[in-house]
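One structure is given below, encoded as structure tokens.
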2 protein chains.
Amino acid sequence: MPASQPIYERIEKQLRRRLAHAADGQAFPSEPRLAQEFGVSRMTVRAALAGLERDGLLERVPGKGSFVRRSAAARPVGTLMSFHDQALALGRTPRSRLLEAEVRPATPDQAAALYPGDDPSAATIVAITRVRMFDDLPVAIERAAFPAALTALLNADLETGSLHNALRRLGLNPSLGTSLLSARTADDDAIELAVAATTPLLVETRSIVDQNGVPLEHTVSSYIADRYTLQVDFNVIE
Amino acid sequence: MPASQPIYERIEKQLRRRLAHAADGQAFPSEPRLAQEFGVSRMTVRAALAGLERDGLLERVPGKGSFVRRSAAARPVGTLMSFHDQALALGRTPRSRLLEAEVRPATPDQAAALYPGDDPSAATIVAITRVRMFDDLPVAIERAAFPAALTALLNADLETGSLHNALRRLGLNPSLGTSLLSARTADDDAIELAVAATTPLLVETRSIVDQNGVPLEHTVSSYIADRYTLQVDFNVIE
DNA sequence: CGAGCAAAGCTGTCTAGACAGCCTATACTG
DNA sequence: CAGTATAGGCTGTCTAGACAGCTTTGCTCG
């Protein structure tokens, strides 16, 4: 019965399409009704509805029913401005100094992010390391890793261009990502950044997937905290 | 049977406590085993485990079993989960050491955030400064500022309670916010946090407004980077 | 001794029913 | 007419099973 994809996922996708052209606040068919419509148990319908509720597409009220939540700006999603755009917004010119651009074995972190489940020791990646600058002022050191299939990236304009634009020219659409934020001291990168070894850096470890959920990029950016700040706007749900 | 709290929530809490003192990677009892232990159906156990997996405390591998994942705490920026709830979710006990709780003049940053447009020199605020701890391990130093009208906060349980719960009891609903992320070294806070002066800290400057756009809170949290990490999920827009 | 196969255990999925608690609308009563 | 009971629909919770697909273990056979 579960051909290859669970039934509740098929139902969830179908309901998403149905929600796409529904009005805000509109009553949604009840669980028993959907169970009958899809010829399926109520628990299976609930599994499908759980995904819709998690994404804020549906509001479920005990005793009343389920209701469409349209523009309710559902998920707590931040927007991160790219280095390139943030430089332009500040009236600076974004520049890069290229330190490395080659195909080489992956670090364990890079392998786990780009080839989940595969053997980490055999993984190779396209590695691009750059010092990012506002005009001529070093601001960050950025270590980017891409799947080995993307050797075409090595031919991109890495000094002044945007890597995301290069990805798009290859037909890849970065669509969703996660950043982990931490901090460290400059240490070994102090020389490249022309700062003291104890200078605090803001570390952003970013993983981006394309529209199909395939890993596209794993980048660790270390920003000189005095010269760069990340901003996250968010909604609060609960 | 569900006296007041669902069975699966009781089980989930109990398992969280059990996870609190478990080693990373350790095998966790299987679903059938837990079902028998708690005298409950397997589906109920799964409901409890789902919460643990969602919070990243458990890794579940089909065909193998469930395994404890004891990673560095990573709080999603944008879900307003408080330090308090975060600690509980990780099976730790949240504690605070109160350094300051009083009404005093605002710093320029605090005045700009809480009384935009007003004369900064005349502004007063409710200031609450705390060292936040997991069990007895210092994790962050937090300087919170609230509008002077909220003196009631000074009567809240600041050592073990949650400030956000106190806000809710006052009828205030945090709804929108902005985080600015940076880094610094511990310096003057090194003593309170019991770390070296050059220890890198992750700095989150958070401004929150209520549903009407009225400023509610301006907080600067400085996390010891090794012990606490922030996470941002984002869409790539452009 | 090694290779391959079978069994057991695990998570993931699914069913068909059950009761509790909440909400609404209707009917009944004073 | 106002107020109350009641019936029915809804979501939330829970059960006791079942099968599929995966992994590990251990046994058997060549």
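Letters A, B, ... mark the chains of the structure tokens in the order given; residue numbers begin at 1 per chain; ligand numbers begin at 1, in order shown.
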Task: All alpha helix (DSSP H) positions in range 98-222 of chain A, as JSON, numbers by chain - done: {"A": [108, 109, 110, 111, 112, 113, 114, 163, 164, 165, 166, 167, 168, 169, 190, 191, 192, 193]}
Open item on the list: Once chain B is fitted to chain A on all Cα atoms paired one-to-one in order, how large is the remaining RMSD?
Closed with: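 Rounded to one decimal, the C-alpha RMSD is 14.1 Å.
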Sort by chain and increasing residue number a table of all residues of chain D within 8 Å of chain A, each with its closest pair of atoms and their distance in Å to one decimal, counting only C-alpha atoms (C1' of nucleotides), and write it as a tab-separated table.
residue	atom	partner	partner_atom	distance
D:DG9	C1'	A:Gly63	CA	7.9
D:DC10	C1'	A:Gly63	CA	4.4
D:DT11	C1'	A:Pro62	CA	4.2
D:DG12	C1'	A:Pro62	CA	7.3
Now that the selection is made, can you save its residues with N, CA and C atoms (P, O5', C5', C4', C3', O3' and C1' of nucleotides) as a PDB file, in the first residue's frame?
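Below is the file that was written, result-v2.pdb:
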ATOM      1  P    DG D   9     -23.880  14.570  13.755  1.00  0.00           P
ATOM      2  O5'  DG D   9     -22.550  15.433  13.579  1.00  0.00           O
ATOM      3  C5'  DG D   9     -22.660  16.826  13.318  1.00  0.00           C
ATOM      4  C4'  DG D   9     -21.430  17.532  13.842  1.00  0.00           C
ATOM      5  C3'  DG D   9     -20.114  16.843  13.458  1.00  0.00           C
ATOM      6  O3'  DG D   9     -19.343  17.710  12.635  1.00  0.00           O
ATOM      7  C1'  DG D   9     -20.126  17.479  15.744  1.00  0.00           C
ATOM      8  P    DC D  10     -18.020  17.164  11.970  1.00  0.00           P
ATOM      9  O5'  DC D  10     -16.868  17.639  12.964  1.00  0.00           O
ATOM     10  C5'  DC D  10     -16.581  19.028  13.096  1.00  0.00           C
ATOM     11  C4'  DC D  10     -15.685  19.255  14.296  1.00  0.00           C
ATOM     12  C3'  DC D  10     -14.400  18.435  14.296  1.00  0.00           C
ATOM     13  O3'  DC D  10     -13.378  19.153  13.639  1.00  0.00           O
ATOM     14  C1'  DC D  10     -15.425  18.546  16.476  1.00  0.00           C
ATOM     15  P    DT D  11     -12.024  18.361  13.314  1.00  0.00           P
ATOM     16  O5'  DT D  11     -11.223  18.481  14.680  1.00  0.00           O
ATOM     17  C5'  DT D  11     -10.835  19.764  15.158  1.00  0.00           C
ATOM     18  C4'  DT D  11     -10.246  19.637  16.547  1.00  0.00           C
ATOM     19  C3'  DT D  11      -8.899  18.907  16.623  1.00  0.00           C
ATOM     20  O3'  DT D  11      -8.024  19.610  17.478  1.00  0.00           O
ATOM     21  C1'  DT D  11     -10.462  17.857  18.044  1.00  0.00           C
ATOM     22  P    DG D  12      -6.523  19.014  17.715  1.00  0.00           P
ATOM     23  O5'  DG D  12      -6.688  18.099  19.017  1.00  0.00           O
ATOM     24  C5'  DG D  12      -6.869  18.734  20.271  1.00  0.00           C
ATOM     25  C4'  DG D  12      -6.752  17.698  21.381  1.00  0.00           C
ATOM     26  C3'  DG D  12      -5.498  16.824  21.307  1.00  0.00           C
ATOM     27  O3'  DG D  12      -4.877  16.783  22.595  1.00  0.00           O
ATOM     28  C1'  DG D  12      -7.423  15.465  21.420  1.00  0.00           C
TER      29       DG D  12
END
TODO: Find the residues around Phe28 in chain A up to 10 Å (only C-alpha atoms (C1' of nucleotides) counted), leave out those fewer than 4 positions away in its own chain, and share them as a VMD selection string.
DONE: chain A and resid 19 22 33 to 34 58 to 60 65 to 68
- [ ] Select from range 14-131 of chain B everything DSSP, run on the backbone, classes as strand (DSSP E or B), then give the selection as a PyMOL selection string.
- [x] chain B and resi 27-28+58-61+65-68+73-76+94-105+124-131
